[in-house]
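K.L.:
Sharing model_2.cif (mmCIF, C-alpha atoms) below.
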```
data_input
loop_
_atom_site.label_atom_id
_atom_site.label_comp_id
_atom_site.auth_asym_id
_atom_site.auth_seq_id
_atom_site.Cartn_x
_atom_site.Cartn_y
_atom_site.Cartn_z
CA MET A 1 -10.03 -10.33 -8.15
CA GLN A 2 -8.66 -13.33 -6.32
CA LEU A 3 -5.50 -13.15 -4.21
CA ILE A 4 -2.86 -15.79 -3.63
CA PRO A 5 -0.49 -15.88 -0.67
CA ILE A 6 3.12 -15.42 -1.80
CA GLY A 7 4.51 -16.00 1.68
CA ILE A 8 3.87 -15.72 5.38
CA ILE A 9 4.89 -13.19 8.02
CA HIS A 10 6.45 -14.39 11.29
CA SER A 11 6.28 -12.05 14.28
CA PRO A 12 6.13 -12.18 18.08
CA PHE A 13 2.41 -11.23 18.06
CA GLN A 14 -0.26 -13.91 18.34
CA GLN A 15 -3.22 -11.59 18.78
CA ALA A 16 -4.12 -7.95 18.27
CA GLN A 17 -3.97 -7.17 22.01
CA GLY A 18 -0.49 -5.74 22.61
CA THR A 19 0.58 -5.61 18.96
CA PRO A 20 2.15 -2.28 17.97
CA VAL A 21 -0.09 0.10 16.07
CA GLN A 22 2.02 0.98 13.03
CA PRO A 23 5.80 0.55 12.63
CA PHE A 24 6.59 3.77 14.58
CA SER A 25 5.39 1.93 17.69
CA ALA A 26 7.51 -1.12 16.87
CA ARG A 27 11.07 0.19 16.70
CA ASP A 28 12.66 -2.78 18.47
CA ILE A 29 10.43 -5.49 17.09
CA ARG A 30 12.02 -8.02 14.78
CA GLY A 31 10.49 -10.76 12.73
CA SER A 32 10.83 -12.47 9.42
CA VAL A 33 9.06 -12.78 6.11
CA GLU A 34 9.07 -16.19 4.46
CA VAL A 35 8.57 -15.97 0.70
CA PHE A 36 7.32 -19.17 -0.90
CA ALA A 37 9.88 -20.92 -3.12
CA PRO A 38 8.27 -20.27 -6.53
CA PHE A 39 8.63 -16.51 -5.98
CA LEU A 40 12.30 -16.58 -4.96
CA PRO A 41 13.73 -15.01 -8.17
CA GLY A 42 11.57 -11.95 -7.54
CA LEU A 43 13.70 -11.09 -4.49
CA ASN A 44 16.77 -10.27 -6.62
CA ASP A 45 18.05 -6.70 -6.08
CA LEU A 46 15.84 -6.18 -3.03
CA GLU A 47 18.68 -6.21 -0.49
CA GLY A 48 19.84 -2.71 -1.51
CA PHE A 49 16.66 -1.19 -0.13
CA GLU A 50 16.65 0.06 3.46
CA ARG A 51 12.90 -0.22 3.76
CA ILE A 52 10.24 -2.26 2.01
CA TRP A 53 6.46 -2.23 1.81
CA LEU A 54 4.74 -5.37 2.97
CA LEU A 55 1.20 -5.83 1.67
CA PHE A 56 -0.67 -8.42 3.68
CA TRP A 57 -4.11 -9.87 4.27
CA CYS A 58 -5.50 -9.00 7.70
CA ASP A 59 -6.88 -12.50 8.14
CA ARG A 60 -8.03 -12.03 11.73
CA ALA A 61 -9.78 -8.70 11.26
CA SER A 62 -13.46 -8.50 12.13
CA ALA A 63 -16.10 -7.52 9.57
CA ALA A 64 -15.71 -3.97 8.31
CA GLU A 65 -17.73 -1.17 9.85
CA LEU A 66 -17.79 2.18 8.07
CA LEU A 67 -17.53 4.27 11.23
CA VAL A 68 -14.92 3.24 13.77
CA THR A 69 -13.21 4.59 16.85
CA PRO A 70 -9.51 4.47 15.95
CA TYR A 71 -6.83 3.60 18.49
CA ARG A 72 -5.56 7.18 18.65
CA ASP A 73 -8.87 8.97 19.17
CA ARG A 74 -12.07 8.66 21.19
CA VAL A 75 -14.71 9.53 18.60
CA LYS A 76 -16.03 7.66 15.58
CA ARG A 77 -14.29 8.43 12.31
CA GLY A 78 -14.98 7.39 8.74
CA LEU A 79 -13.18 4.08 8.15
CA PHE A 80 -11.26 5.39 5.12
CA ALA A 81 -9.86 8.21 7.26
CA THR A 82 -8.31 5.57 9.54
CA ARG A 83 -5.84 2.72 9.18
CA ALA A 84 -8.04 0.23 11.06
CA PRO A 85 -7.50 -3.33 9.75
CA ALA A 86 -11.20 -4.26 9.49
CA ARG A 87 -11.97 -2.96 5.97
CA PRO A 88 -14.08 -4.04 2.96
CA ASN A 89 -10.79 -5.34 1.50
CA PRO A 90 -8.64 -6.02 4.57
CA ILE A 91 -5.29 -5.30 2.94
CA GLY A 92 -2.63 -3.90 5.25
CA ILE A 93 0.38 -1.89 4.12
CA SER A 94 3.41 -1.43 6.38
CA VAL A 95 6.87 0.00 5.80
CA VAL A 96 9.36 -2.24 7.59
CA ARG A 97 13.12 -2.01 7.80
CA LEU A 98 14.94 -4.69 5.82
CA LEU A 99 17.87 -6.18 7.72
CA GLU A 100 18.98 -9.19 5.72
CA ILE A 101 17.86 -11.66 3.08
CA ARG A 102 18.92 -15.32 3.25
CA GLU A 103 17.47 -17.47 0.50
CA ASN A 104 13.70 -17.05 0.82
CA THR A 105 13.66 -15.44 4.27
CA LEU A 106 13.79 -11.70 4.96
CA GLN A 107 14.79 -10.51 8.41
CA VAL A 108 12.92 -7.31 9.16
CA ALA A 109 12.52 -4.76 11.96
CA GLU A 110 9.74 -2.37 13.03
CA LEU A 111 7.13 -5.03 12.48
CA ASP A 112 3.52 -4.35 13.50
CA ILE A 113 1.91 -7.45 11.96
CA LEU A 114 0.36 -10.56 13.52
CA ASP A 115 2.23 -13.87 13.36
CA GLY A 116 1.10 -16.07 10.50
CA THR A 117 -0.35 -13.25 8.39
CA PRO A 118 -0.50 -14.08 4.65
CA LEU A 119 1.90 -12.01 2.55
CA LEU A 120 0.44 -10.57 -0.67
CA ASP A 121 3.24 -8.44 -2.06
CA ILE A 122 6.60 -6.83 -1.38
CA LYS A 123 7.48 -3.49 -2.96
CA PRO A 124 10.61 -1.39 -2.51
CA TYR A 125 10.16 1.76 -0.43
CA VAL A 126 11.14 4.67 -2.69
CA PRO A 127 11.21 8.12 -1.03
CA GLN A 128 10.54 9.83 -4.37
CA TYR A 129 7.26 7.90 -4.65
CA ASP A 130 6.26 7.44 -1.04
CA SER A 131 7.63 10.18 1.21
CA TYR A 132 5.65 13.37 1.89
CA PRO A 133 7.01 14.43 5.28
CA THR A 134 4.80 17.45 5.77
CA ALA A 135 1.45 16.24 4.48
CA ARG A 136 -1.40 17.61 6.56
CA CYS A 137 -3.33 14.81 8.21
CA GLY A 138 -6.78 15.72 9.40
CA TRP A 139 -7.94 14.40 12.75
CA LEU A 140 -4.46 13.00 13.40
CA ASP A 141 -3.08 16.55 13.55
CA ALA A 142 -5.32 17.48 16.48
CA ASP A 143 -3.67 18.23 19.81
CA ASN A 144 -5.84 15.84 21.77
CA ILE A 145 -5.02 12.61 19.99
CA ASP A 146 -2.67 10.08 21.48
CA LYS A 147 0.75 10.81 19.96
CA GLY A 148 2.76 8.22 21.86
CA THR A 149 3.77 4.64 21.26
CA LEU A 150 0.63 2.59 21.00
CA THR A 151 -0.41 -1.01 21.01
CA ALA A 152 -3.62 -2.48 19.71
CA ASP A 153 -6.52 -4.09 21.53
CA SER A 154 -9.15 -6.50 20.26
CA ARG A 155 -11.58 -3.94 18.84
CA PHE A 156 -10.93 -4.87 15.20
CA GLU A 157 -10.23 -8.56 15.77
CA ALA A 158 -12.59 -11.40 14.85
CA GLY A 159 -13.15 -14.41 17.07
CA PRO A 160 -13.74 -15.20 20.73
CA GLN A 161 -11.42 -12.46 22.04
CA LYS A 162 -13.74 -9.79 20.68
CA PRO A 163 -16.20 -8.36 23.18
CA SER A 164 -19.75 -8.53 21.85
CA SER A 165 -20.94 -5.08 20.86
CA MET B 1 -8.94 -13.91 -0.08
CA GLN B 2 -11.49 -12.44 -2.43
CA LEU B 3 -11.60 -8.75 -3.21
CA ILE B 4 -14.57 -6.53 -3.95
CA PRO B 5 -14.45 -3.22 -5.82
CA ILE B 6 -15.43 -0.34 -3.56
CA GLY B 7 -15.30 2.20 -6.36
CA ILE B 8 -13.73 3.13 -9.67
CA ILE B 9 -10.92 5.50 -10.64
CA HIS B 10 -11.46 8.00 -13.47
CA SER B 11 -8.36 9.38 -15.18
CA PRO B 12 -7.26 10.72 -18.58
CA PHE B 13 -5.32 7.52 -19.33
CA GLN B 14 -6.89 4.77 -21.46
CA GLN B 15 -3.77 2.64 -21.84
CA ALA B 16 -0.38 2.20 -20.24
CA GLN B 17 1.44 3.93 -23.11
CA GLY B 18 1.89 7.54 -22.01
CA THR B 19 0.58 7.09 -18.46
CA PRO B 20 2.83 8.66 -15.82
CA VAL B 21 5.07 6.26 -13.92
CA GLN B 22 4.30 7.12 -10.30
CA PRO B 23 2.69 10.32 -8.96
CA PHE B 24 5.97 12.31 -9.12
CA SER B 25 5.61 12.16 -12.92
CA ALA B 26 1.97 13.26 -12.77
CA ARG B 27 2.07 16.64 -10.98
CA ASP B 28 -0.55 18.29 -13.21
CA ILE B 29 -2.78 15.29 -13.77
CA ARG B 30 -6.24 15.42 -12.27
CA GLY B 31 -8.91 12.80 -12.05
CA SER B 32 -11.58 11.52 -9.74
CA VAL B 33 -12.35 8.59 -7.53
CA GLU B 34 -15.95 7.40 -7.44
CA VAL B 35 -16.76 5.50 -4.26
CA PHE B 36 -19.78 3.22 -4.52
CA ALA B 37 -22.79 4.38 -2.49
CA PRO B 38 -22.79 1.69 0.23
CA PHE B 39 -19.33 2.83 1.34
CA LEU B 40 -20.14 6.55 1.57
CA PRO B 41 -20.14 6.83 5.40
CA GLY B 42 -16.54 5.60 5.39
CA LEU B 43 -15.44 8.88 3.74
CA ASN B 44 -16.25 10.95 6.85
CA ASP B 45 -13.21 12.88 8.17
CA LEU B 46 -11.16 12.17 5.05
CA GLU B 47 -11.23 15.74 3.73
CA GLY B 48 -8.74 16.94 6.35
CA PHE B 49 -5.99 14.84 4.78
CA GLU B 50 -3.76 16.44 2.16
CA ARG B 51 -2.82 13.11 0.63
CA ILE B 52 -4.43 9.70 0.51
CA TRP B 53 -3.36 6.21 -0.46
CA LEU B 54 -5.35 4.60 -3.23
CA LEU B 55 -5.13 0.83 -3.38
CA PHE B 56 -6.31 -0.50 -6.71
CA TRP B 57 -6.42 -3.60 -8.85
CA CYS B 58 -4.18 -3.37 -11.90
CA ASP B 59 -6.81 -5.01 -14.10
CA ARG B 60 -4.94 -4.57 -17.37
CA ALA B 61 -1.56 -5.80 -16.19
CA SER B 62 -0.03 -8.76 -17.99
CA ALA B 63 0.84 -12.00 -16.20
CA ALA B 64 3.56 -11.58 -13.59
CA GLU B 65 7.16 -12.37 -14.45
CA LEU B 66 9.65 -12.59 -11.61
CA LEU B 67 12.46 -10.77 -13.43
CA VAL B 68 11.53 -7.58 -15.25
CA THR B 69 13.20 -4.60 -16.85
CA PRO B 70 11.73 -1.63 -14.98
CA TYR B 71 10.96 1.66 -16.71
CA ARG B 72 13.87 3.45 -15.04
CA ASP B 73 16.61 0.93 -15.80
CA ARG B 74 17.88 -1.23 -18.65
CA VAL B 75 18.64 -4.48 -16.89
CA LYS B 76 16.42 -7.17 -15.41
CA ARG B 77 15.59 -6.75 -11.74
CA GLY B 78 13.75 -8.94 -9.26
CA LEU B 79 10.05 -8.09 -9.51
CA PHE B 80 9.74 -7.33 -5.77
CA ALA B 81 12.55 -4.76 -6.08
CA THR B 82 10.41 -2.88 -8.63
CA ARG B 83 7.00 -1.25 -8.68
CA ALA B 84 5.96 -2.90 -11.96
CA PRO B 85 2.18 -3.49 -12.05
CA ALA B 86 2.33 -7.08 -13.34
CA ARG B 87 2.66 -8.96 -10.03
CA PRO B 88 1.36 -12.22 -8.49
CA ASN B 89 -1.23 -10.04 -6.72
CA PRO B 90 -1.53 -6.98 -8.98
CA ILE B 91 -2.36 -4.47 -6.25
CA GLY B 92 -1.16 -0.93 -6.90
CA ILE B 93 -0.56 1.66 -4.20
CA SER B 94 -0.33 5.38 -5.05
CA VAL B 95 -0.23 8.51 -2.92
CA VAL B 96 -2.44 11.10 -4.58
CA ARG B 97 -3.27 14.64 -3.52
CA LEU B 98 -6.84 15.07 -2.29
CA LEU B 99 -8.46 18.25 -3.62
CA GLU B 100 -12.14 17.99 -2.73
CA ILE B 101 -14.86 15.54 -1.75
CA ARG B 102 -18.43 15.97 -3.01
CA GLU B 103 -20.80 13.24 -1.93
CA ASN B 104 -19.21 10.02 -3.19
CA THR B 105 -16.67 11.60 -5.57
CA LEU B 106 -13.12 12.58 -4.65
CA GLN B 107 -11.27 15.03 -6.89
CA VAL B 108 -7.59 14.15 -6.84
CA ALA B 109 -4.31 15.29 -8.40
CA GLU B 110 -1.00 13.57 -9.22
CA LEU B 111 -2.80 10.57 -10.59
CA ASP B 112 -0.82 7.82 -12.33
CA ILE B 113 -3.62 5.25 -12.71
CA LEU B 114 -5.51 3.97 -15.77
CA ASP B 115 -9.10 5.09 -16.34
CA GLY B 116 -11.66 2.57 -15.09
CA THR B 117 -9.34 0.88 -12.60
CA PRO B 118 -11.18 -0.87 -9.73
CA LEU B 119 -10.65 0.81 -6.36
CA LEU B 120 -9.91 -1.55 -3.45
CA ASP B 121 -9.24 0.78 -0.54
CA ILE B 122 -8.54 4.35 0.54
CA LYS B 123 -6.26 5.05 3.49
CA PRO B 124 -5.13 8.40 4.89
CA TYR B 125 -1.51 9.31 4.19
CA VAL B 126 0.14 9.77 7.59
CA PRO B 127 3.75 11.04 7.53
CA GLN B 128 4.47 9.38 10.89
CA TYR B 129 3.59 6.00 9.37
CA ASP B 130 4.59 6.42 5.75
CA SER B 131 7.35 9.00 5.31
CA TYR B 132 11.02 7.97 5.35
CA PRO B 133 12.63 10.71 3.26
CA THR B 134 16.18 9.40 3.34
CA ALA B 135 15.67 5.66 2.97
CA ARG B 136 18.38 4.11 0.82
CA CYS B 137 16.92 2.57 -2.29
CA GLY B 138 19.12 0.05 -4.04
CA TRP B 139 19.30 0.11 -7.83
CA LEU B 140 17.19 3.29 -7.86
CA ASP B 141 20.06 5.18 -6.18
CA ALA B 142 22.47 4.44 -9.03
CA ASP B 143 23.68 7.36 -11.13
CA ASN B 144 22.76 5.78 -14.43
CA ILE B 145 19.03 5.33 -13.90
CA ASP B 146 16.53 7.63 -15.49
CA LYS B 147 15.73 10.24 -12.83
CA GLY B 148 13.37 12.40 -14.87
CA THR B 149 9.65 12.51 -15.44
CA LEU B 150 8.64 9.24 -17.00
CA THR B 151 5.66 7.74 -18.75
CA ALA B 152 4.88 4.07 -19.16
CA ASP B 153 4.83 1.93 -22.28
CA SER B 154 3.01 -1.34 -22.94
CA ARG B 155 5.61 -3.68 -21.45
CA PHE B 156 3.46 -4.68 -18.45
CA GLU B 157 0.09 -4.43 -20.17
CA ALA B 158 -2.06 -7.39 -21.23
CA GLY B 159 -3.93 -7.49 -24.52
CA PRO B 160 -3.31 -6.72 -28.19
CA GLN B 161 -1.08 -3.68 -27.50
CA LYS B 162 1.58 -5.89 -25.97
CA PRO B 163 4.38 -6.92 -28.33
CA SER B 164 4.87 -10.69 -28.31
CA SER B 165 8.02 -11.57 -26.45
#
```
Represent the structure of the file as structure tokens.

P.N.:
Amino acid sequence: MQLIPIGIIHSPFQQAQGTPVQPFSARDIRGSVEVFAPFLPGLNDLEGFERIWLLFWCDRASAAELLVTPYRDRVKRGLFATRAPARPNPIGISVVRLLEIRENTLQVAELDILDGTPLLDIKPYVPQYDSYPTARCGWLDADNIDKGTLTADSRFEAGPQKPSS
Amino acid sequence: MQLIPIGIIHSPFQQAQGTPVQPFSARDIRGSVEVFAPFLPGLNDLEGFERIWLLFWCDRASAAELLVTPYRDRVKRGLFATRAPARPNPIGISVVRLLEIRENTLQVAELDILDGTPLLDIKPYVPQYDSYPTARCGWLDADNIDKGTLTADSRFEAGPQKPSS
């Protein structure tokens, strides 16, 4: 199970600190997705979709830990009950808004991804497959979690920025 | 970018032929997700979520082609405007309904995945991150596509079942 990059994501964010946590915190953020030339024909018909899934490799995530304190809470949660980027397979999924496609470059909005992140896949966002507006969501439904716009810090980031713990 | 299996998906489907296309075609289908023992602590807090994302490796998909005829249409579309499983990085994403967790086994419903598929990740389904009920969706909005319950055939499957083309 070996992945290949099919493109690269360009965004205003050079490090986790200050990067929006999820697209809902990134309404005004714009960036672009560069798809490598050999994959260009695969972009046909994509422009009709308002939103697309980006699948990407969280290349700057720290090693996975199975209990983590997520950004929106203050207690440790099971990793698979969170969207933390430091995972056994650090694959991120984000719904972004598709603005325009020119040749191999997609202009997108509501981007919560670090600059230079390897792109693994693009899929169309299809409400019939993906939208469950009322799904109950565990610890995230609690009254005491942070419901506002949020940005990340370095807690899940590898490298010198990370405080030793 | 090397992946590791964190578990295995058990379903009633041994081959693509007859497998539901997407969870909306699989309302009554139940199966289970076996998470390998080392990852067990990561399942804490997951039971409160009504739905979860399964990320999986489409291990029986054929080699990717960049223009494909999707199940719901009769003309070739750009691969990235479809959810076909045969992709440069054959990672599938499906929202399933979580019924119960016992130790390392999750009982799930609305399962559209082949039996024995390697599990890559589990993420909680969070409407605030994932639900865009009215997103416009390109060729899938056309009147002439198949809107009903659908099952797959062997067109994206590797191996002897696949007709030579």

K.L.:
By how many Å are atom CA of Ala158 of chain A and atom CA of Thr82 of chain A apart?

P.N.:
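Rounded to one decimal, the two atoms are 18.3 Å apart.
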
K.L.:
Could you state which residues are captured by the PyMOL selection byres ((chain A) within 7 of (chain B)) in this file, as a PyMOL selection string?

P.N.:
chain A and resi 1-4+22-24+39+41-46+48-51+66-67+77-83+89+95+120-124+126-127+129-139

K.L.:
Those residues you just picked out, can you put them in a file as an mmCIF file, keeping the file's coordinate frame with C-alpha atoms?

P.N.:
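File produced: part.cif:
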```
data_model
loop_
_atom_site.group_PDB
_atom_site.id
_atom_site.type_symbol
_atom_site.label_atom_id
_atom_site.label_comp_id
_atom_site.auth_asym_id
_atom_site.auth_seq_id
_atom_site.Cartn_x
_atom_site.Cartn_y
_atom_site.Cartn_z
ATOM 1 C CA MET A 1 -10.030 -10.330 -8.150
ATOM 2 C CA GLN A 2 -8.660 -13.330 -6.320
ATOM 3 C CA LEU A 3 -5.500 -13.150 -4.210
ATOM 4 C CA ILE A 4 -2.860 -15.790 -3.630
ATOM 5 C CA GLN A 22 2.020 0.980 13.030
ATOM 6 C CA PRO A 23 5.800 0.550 12.630
ATOM 7 C CA PHE A 24 6.590 3.770 14.580
ATOM 8 C CA PHE A 39 8.630 -16.510 -5.980
ATOM 9 C CA PRO A 41 13.730 -15.010 -8.170
ATOM 10 C CA GLY A 42 11.570 -11.950 -7.540
ATOM 11 C CA LEU A 43 13.700 -11.090 -4.490
ATOM 12 C CA ASN A 44 16.770 -10.270 -6.620
ATOM 13 C CA ASP A 45 18.050 -6.700 -6.080
ATOM 14 C CA LEU A 46 15.840 -6.180 -3.030
ATOM 15 C CA GLY A 48 19.840 -2.710 -1.510
ATOM 16 C CA PHE A 49 16.660 -1.190 -0.130
ATOM 17 C CA GLU A 50 16.650 0.060 3.460
ATOM 18 C CA ARG A 51 12.900 -0.220 3.760
ATOM 19 C CA LEU A 66 -17.790 2.180 8.070
ATOM 20 C CA LEU A 67 -17.530 4.270 11.230
ATOM 21 C CA ARG A 77 -14.290 8.430 12.310
ATOM 22 C CA GLY A 78 -14.980 7.390 8.740
ATOM 23 C CA LEU A 79 -13.180 4.080 8.150
ATOM 24 C CA PHE A 80 -11.260 5.390 5.120
ATOM 25 C CA ALA A 81 -9.860 8.210 7.260
ATOM 26 C CA THR A 82 -8.310 5.570 9.540
ATOM 27 C CA ARG A 83 -5.840 2.720 9.180
ATOM 28 C CA ASN A 89 -10.790 -5.340 1.500
ATOM 29 C CA VAL A 95 6.870 0.000 5.800
ATOM 30 C CA LEU A 120 0.440 -10.570 -0.670
ATOM 31 C CA ASP A 121 3.240 -8.440 -2.060
ATOM 32 C CA ILE A 122 6.600 -6.830 -1.380
ATOM 33 C CA LYS A 123 7.480 -3.490 -2.960
ATOM 34 C CA PRO A 124 10.610 -1.390 -2.510
ATOM 35 C CA VAL A 126 11.140 4.670 -2.690
ATOM 36 C CA PRO A 127 11.210 8.120 -1.030
ATOM 37 C CA TYR A 129 7.260 7.900 -4.650
ATOM 38 C CA ASP A 130 6.260 7.440 -1.040
ATOM 39 C CA SER A 131 7.630 10.180 1.210
ATOM 40 C CA TYR A 132 5.650 13.370 1.890
ATOM 41 C CA PRO A 133 7.010 14.430 5.280
ATOM 42 C CA THR A 134 4.800 17.450 5.770
ATOM 43 C CA ALA A 135 1.450 16.240 4.480
ATOM 44 C CA ARG A 136 -1.400 17.610 6.560
ATOM 45 C CA CYS A 137 -3.330 14.810 8.210
ATOM 46 C CA GLY A 138 -6.780 15.720 9.400
ATOM 47 C CA TRP A 139 -7.940 14.400 12.750
#
```

K.L.:
Using all atoms listed in the file, pick whichever of B:Glu103, B:Asp115, B:Glu110, B:Asp153 has the shortest atom-to-atom distance to Phe56 of chain B.

P.N.:
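Closest to Phe56 of chain B, using all atoms listed in the file: B:Asp115.
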
K.L.:
Measure the distance from atom CA of Ser154 of chain B to atom CA of Arg60 of chain B in Å and round it to one decimal.

P.N.:
10.2 Å

K.L.:
Within 7 Å of (5.7, -8.5, 15.8), all atoms listed in the file: residues as a PyMOL selection string?

P.N.:
chain A and resi 11-13+19+29-31+111-115

K.L.:
Provide the atom CA of His10 of chain A to atom CA of Arg102 of chain A distance in Å, to one decimal place.

P.N.:
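About the pair atom CA of His10 of chain A and atom CA of Arg102 of chain A: they are 14.9 Å apart.
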
K.L.:
For Gly7 of chain B, which residue out of B:Asn104, B:Ser62, B:Asn144, B:Thr151 is the nearest one, using all atoms listed in the file?

P.N.:
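Closest to Gly7 of chain B of all the choices is B:Asn104.
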
K.L.:
Compare B:Val33, B:Val75, B:Ala86, B:Leu54 by their minimum atom-to-atom distance to Phe156 of chain B, counting only C-alpha atoms, and give me the closest one.

P.N.:
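Of B:Val33, B:Val75, B:Ala86, B:Leu54, the one nearest Phe156 of chain B, counting only C-alpha atoms, is B:Ala86.
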
K.L.:
First collect every listed atom of segment 115-123 of chain A; then fit an axis-aligned box around them, widen it by 5 Å on each side, and give centre and edge lengths in Å to one decimal, as lines of an AutoDock Vina configuration file.

P.N.:
```
center_x = 3.5
center_y = -9.8
center_z = 5.2
size_x = 18.0
size_y = 22.6
size_z = 26.3
```

K.L.:
Assuming the chain letters and numbering stay as they are in my file, what does the PyMOL selection byres ((chain A and resi 72) around 8) actually select? List them as a list in words.

P.N.:
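Listing what the PyMOL selection byres ((chain A and resi 72) around 8) selects in the shown file: Pro70, Tyr71, Asp73, Arg74, Leu140, Ile145, Asp146 and Lys147 of chain A.
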
K.L.:
For those residues, write C-alpha atoms to a file as an mmCIF file, in the coordinates of the input.

P.N.:
```
data_model
loop_
_atom_site.group_PDB
_atom_site.id
_atom_site.type_symbol
_atom_site.label_atom_id
_atom_site.label_comp_id
_atom_site.auth_asym_id
_atom_site.auth_seq_id
_atom_site.Cartn_x
_atom_site.Cartn_y
_atom_site.Cartn_z
ATOM 1 C CA PRO A 70 -9.510 4.470 15.950
ATOM 2 C CA TYR A 71 -6.830 3.600 18.490
ATOM 3 C CA ASP A 73 -8.870 8.970 19.170
ATOM 4 C CA ARG A 74 -12.070 8.660 21.190
ATOM 5 C CA LEU A 140 -4.460 13.000 13.400
ATOM 6 C CA ILE A 145 -5.020 12.610 19.990
ATOM 7 C CA ASP A 146 -2.670 10.080 21.480
ATOM 8 C CA LYS A 147 0.750 10.810 19.960
#
```
